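Report on the structure given below.
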Amino acid sequence: MPLDDSSLAPELFDLPAFSGDRKPGWCLAAPEGTLRVRPHIPTGPLQAGPDRLLAAMARCVRAQPRSRILAADTTLYRIDAIQRTRFCRFTDDISLWAMPVPMPDGRIAAAPVILSRSRIGRWDMGTNRRRVEYWLAAMLGFCGG
């Protein structure tokens, strides 16, 4: 299923420049030392390349209730999505990146980067962290581990 869709917003959230929010309603999964802010959940390169991981990310977003892709760029391996919470229907923003990682053997692997953040409020009751953990597990399943 292609990611490109003329209805998608052209602008992606600047995930590499994200430096954290003062409010606690966000969770980041990423390789240590790759972004401006320390991740809550460290990740590492997978056996899958960026194209395969990006496809798994898109599949994961589409499989989740109350979620949809807002913007995607297959050349940057990035997706921006939203998901509405089950209760109260608050909108949370999710940025996903299949970050290319050069391996010593010359292959290009990919490391998952996921930032889930609440649009409003100070406390998310752990929703963003649970989402990130669940989506990471789902992506690993879609990528074959």
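Letters A, B, ... mark the chains of the structure tokens in the order given; residue numbers begin at 1 per chain; ligand numbers begin at 1, in order shown.
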12 Å contact set for stretch 86-89 of chain A, only C-alpha atoms, chain neighbours under 6 positions out, as a PyMOL selection string: chain A and resi 64-67+118-120+124-125+127+131
Residue subset to file, keeping N, CA and C atoms, as a PDB file, in the first residue's frame:
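After the write, out26.pdb holds the following:
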ATOM      1  N   GLN A  64      -4.437   0.789  13.723  1.00  0.00           N
ATOM      2  CA  GLN A  64      -4.883   1.297  15.023  1.00  0.00           C
ATOM      3  C   GLN A  64      -6.227   1.996  14.913  1.00  0.00           C
ATOM      4  N   PRO A  65      -7.092   1.801  15.889  1.00  0.00           N
ATOM      5  CA  PRO A  65      -8.372   2.511  15.861  1.00  0.00           C
ATOM      6  C   PRO A  65      -8.162   4.012  16.074  1.00  0.00           C
ATOM      7  N   ARG A  66      -9.014   4.795  15.456  1.00  0.00           N
ATOM      8  CA  ARG A  66      -9.034   6.246  15.631  1.00  0.00           C
ATOM      9  C   ARG A  66      -7.731   6.921  15.223  1.00  0.00           C
ATOM     10  N   SER A  67      -6.982   6.315  14.302  1.00  0.00           N
ATOM     11  CA  SER A  67      -5.722   6.932  13.876  1.00  0.00           C
ATOM     12  C   SER A  67      -5.701   7.058  12.358  1.00  0.00           C
ATOM     13  N   SER A 118       0.796  14.647  23.415  1.00  0.00           N
ATOM     14  CA  SER A 118      -0.552  15.171  23.600  1.00  0.00           C
ATOM     15  C   SER A 118      -0.615  16.608  23.117  1.00  0.00           C
ATOM     16  N   ARG A 119      -1.717  16.961  22.505  1.00  0.00           N
ATOM     17  CA  ARG A 119      -1.906  18.349  22.066  1.00  0.00           C
ATOM     18  C   ARG A 119      -2.299  19.255  23.216  1.00  0.00           C
ATOM     19  N   ILE A 120      -3.095  18.728  24.142  1.00  0.00           N
ATOM     20  CA  ILE A 120      -3.553  19.563  25.253  1.00  0.00           C
ATOM     21  C   ILE A 120      -3.330  18.837  26.571  1.00  0.00           C
ATOM     22  N   ASP A 124      -0.895  12.883  30.707  1.00  0.00           N
ATOM     23  CA  ASP A 124      -1.543  12.000  29.733  1.00  0.00           C
ATOM     24  C   ASP A 124      -1.893  10.629  30.307  1.00  0.00           C
ATOM     25  N   MET A 125      -1.714  10.442  31.615  1.00  0.00           N
ATOM     26  CA  MET A 125      -2.015   9.179  32.297  1.00  0.00           C
ATOM     27  C   MET A 125      -1.261   7.994  31.683  1.00  0.00           C
ATOM     28  N   THR A 127      -0.670   7.435  28.552  1.00  0.00           N
ATOM     29  CA  THR A 127      -1.187   7.036  27.235  1.00  0.00           C
ATOM     30  C   THR A 127      -0.104   7.042  26.164  1.00  0.00           C
ATOM     31  N   ARG A 131       1.256   3.788  24.100  1.00  0.00           N
ATOM     32  CA  ARG A 131       1.134   3.781  22.640  1.00  0.00           C
ATOM     33  C   ARG A 131       2.480   3.475  21.993  1.00  0.00           C
TER      34      ARG A 131
END
All alpha helix (DSSP H) positions in stretch 22-107 of chain A, as a ChimeraX atom specification: /A:50-63
Can I get the selection written as a compact mmCIF listing (two decimals), in the first residue's frame, with C-alpha atoms?
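Saved the output as out.txt:
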# COMPACT_ATOMS: atom_id res chain seq x y z
CA PRO A 50 14.29 1.87 6.05
CA ASP A 51 11.77 1.04 3.29
CA ARG A 52 10.58 -2.09 5.07
CA LEU A 53 10.39 -0.39 8.46
CA LEU A 54 8.52 2.59 6.97
CA ALA A 55 5.98 0.20 5.42
CA ALA A 56 5.58 -1.50 8.83
CA MET A 57 5.07 1.91 10.45
CA ALA A 58 2.35 2.83 7.94
CA ARG A 59 0.71 -0.56 8.46
CA CYS A 60 0.81 -0.06 12.21
CA VAL A 61 -0.83 3.37 12.02
CA ARG A 62 -3.55 2.09 9.69
CA ALA A 63 -4.23 -0.89 11.98
A:Leu46, A:Trp26, A:Ser116, A:His40 ranked by distance to A:Leu140, top pick (using only C-alpha atoms):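 Going through A:Leu46, A:Trp26, A:Ser116, A:His40 one by one, the smallest distance to A:Leu140 is for A:Leu46.
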Atom-to-atom span, atom CA of A:Ile82 and atom CA of A:Leu96, Å: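 Pair atom CA of A:Ile82 / atom CA of A:Leu96 returns 10.9 Å.
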Computed interatomic separation between atom CA of A:Ile69 and atom CA of A:Arg107 (Å): 28.7 Å
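Of note, atom CA of A:Asp93 and atom CA of A:Gly44 are spaced 22.6 Å apart.
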Nearby residues (only C-alpha atoms) at most 9 Å from A:Pro31, same-chain spacing under 5 positions excluded, as a ChimeraX atom specification: /A:38-39,41-45,111-113
Put those residues in a file: N, CA, C and O atoms, as a PDB file, in the first residue's frame.
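Saved the output as out-v3.pdb:
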ATOM      1  N   ARG A  38      16.903  13.249  25.103  1.00  0.00           N
ATOM      2  CA  ARG A  38      17.145  11.850  25.467  1.00  0.00           C
ATOM      3  C   ARG A  38      15.835  11.054  25.373  1.00  0.00           C
ATOM      4  O   ARG A  38      14.804  11.489  25.889  1.00  0.00           O
ATOM      5  N   PRO A  39      15.866   9.888  24.733  1.00  0.00           N
ATOM      6  CA  PRO A  39      14.635   9.108  24.593  1.00  0.00           C
ATOM      7  C   PRO A  39      14.206   8.467  25.911  1.00  0.00           C
ATOM      8  O   PRO A  39      15.033   8.124  26.750  1.00  0.00           O
ATOM      9  N   ILE A  41      12.520   5.629  25.722  1.00  0.00           N
ATOM     10  CA  ILE A  41      12.684   4.228  25.365  1.00  0.00           C
ATOM     11  C   ILE A  41      13.781   4.141  24.303  1.00  0.00           C
ATOM     12  O   ILE A  41      13.573   4.557  23.158  1.00  0.00           O
ATOM     13  N   PRO A  42      14.956   3.628  24.664  1.00  0.00           N
ATOM     14  CA  PRO A  42      16.025   3.506  23.666  1.00  0.00           C
ATOM     15  C   PRO A  42      15.707   2.404  22.644  1.00  0.00           C
ATOM     16  O   PRO A  42      15.163   1.361  23.002  1.00  0.00           O
ATOM     17  N   THR A  43      16.010   2.683  21.391  1.00  0.00           N
ATOM     18  CA  THR A  43      15.844   1.688  20.332  1.00  0.00           C
ATOM     19  C   THR A  43      17.187   1.491  19.641  1.00  0.00           C
ATOM     20  O   THR A  43      18.135   2.238  19.876  1.00  0.00           O
ATOM     21  N   GLY A  44      17.243   0.520  18.778  1.00  0.00           N
ATOM     22  CA  GLY A  44      18.456   0.250  18.016  1.00  0.00           C
ATOM     23  C   GLY A  44      18.092  -0.201  16.621  1.00  0.00           C
ATOM     24  O   GLY A  44      16.915  -0.368  16.286  1.00  0.00           O
ATOM     25  N   PRO A  45      19.107  -0.403  15.777  1.00  0.00           N
ATOM     26  CA  PRO A  45      18.835  -0.812  14.401  1.00  0.00           C
ATOM     27  C   PRO A  45      18.202  -2.204  14.342  1.00  0.00           C
ATOM     28  O   PRO A  45      18.530  -3.080  15.132  1.00  0.00           O
ATOM     29  N   ALA A 111      16.487   2.144  12.330  1.00  0.00           N
ATOM     30  CA  ALA A 111      16.105   2.178  13.745  1.00  0.00           C
ATOM     31  C   ALA A 111      14.784   2.930  13.855  1.00  0.00           C
ATOM     32  O   ALA A 111      14.617   3.986  13.252  1.00  0.00           O
ATOM     33  N   PRO A 112      13.831   2.393  14.618  1.00  0.00           N
ATOM     34  CA  PRO A 112      12.562   3.095  14.771  1.00  0.00           C
ATOM     35  C   PRO A 112      12.679   4.292  15.711  1.00  0.00           C
ATOM     36  O   PRO A 112      13.311   4.211  16.759  1.00  0.00           O
ATOM     37  N   VAL A 113      12.089   5.392  15.287  1.00  0.00           N
ATOM     38  CA  VAL A 113      11.967   6.585  16.114  1.00  0.00           C
ATOM     39  C   VAL A 113      10.473   6.916  16.155  1.00  0.00           C
ATOM     40  O   VAL A 113       9.847   7.062  15.109  1.00  0.00           O
TER      41      VAL A 113
END
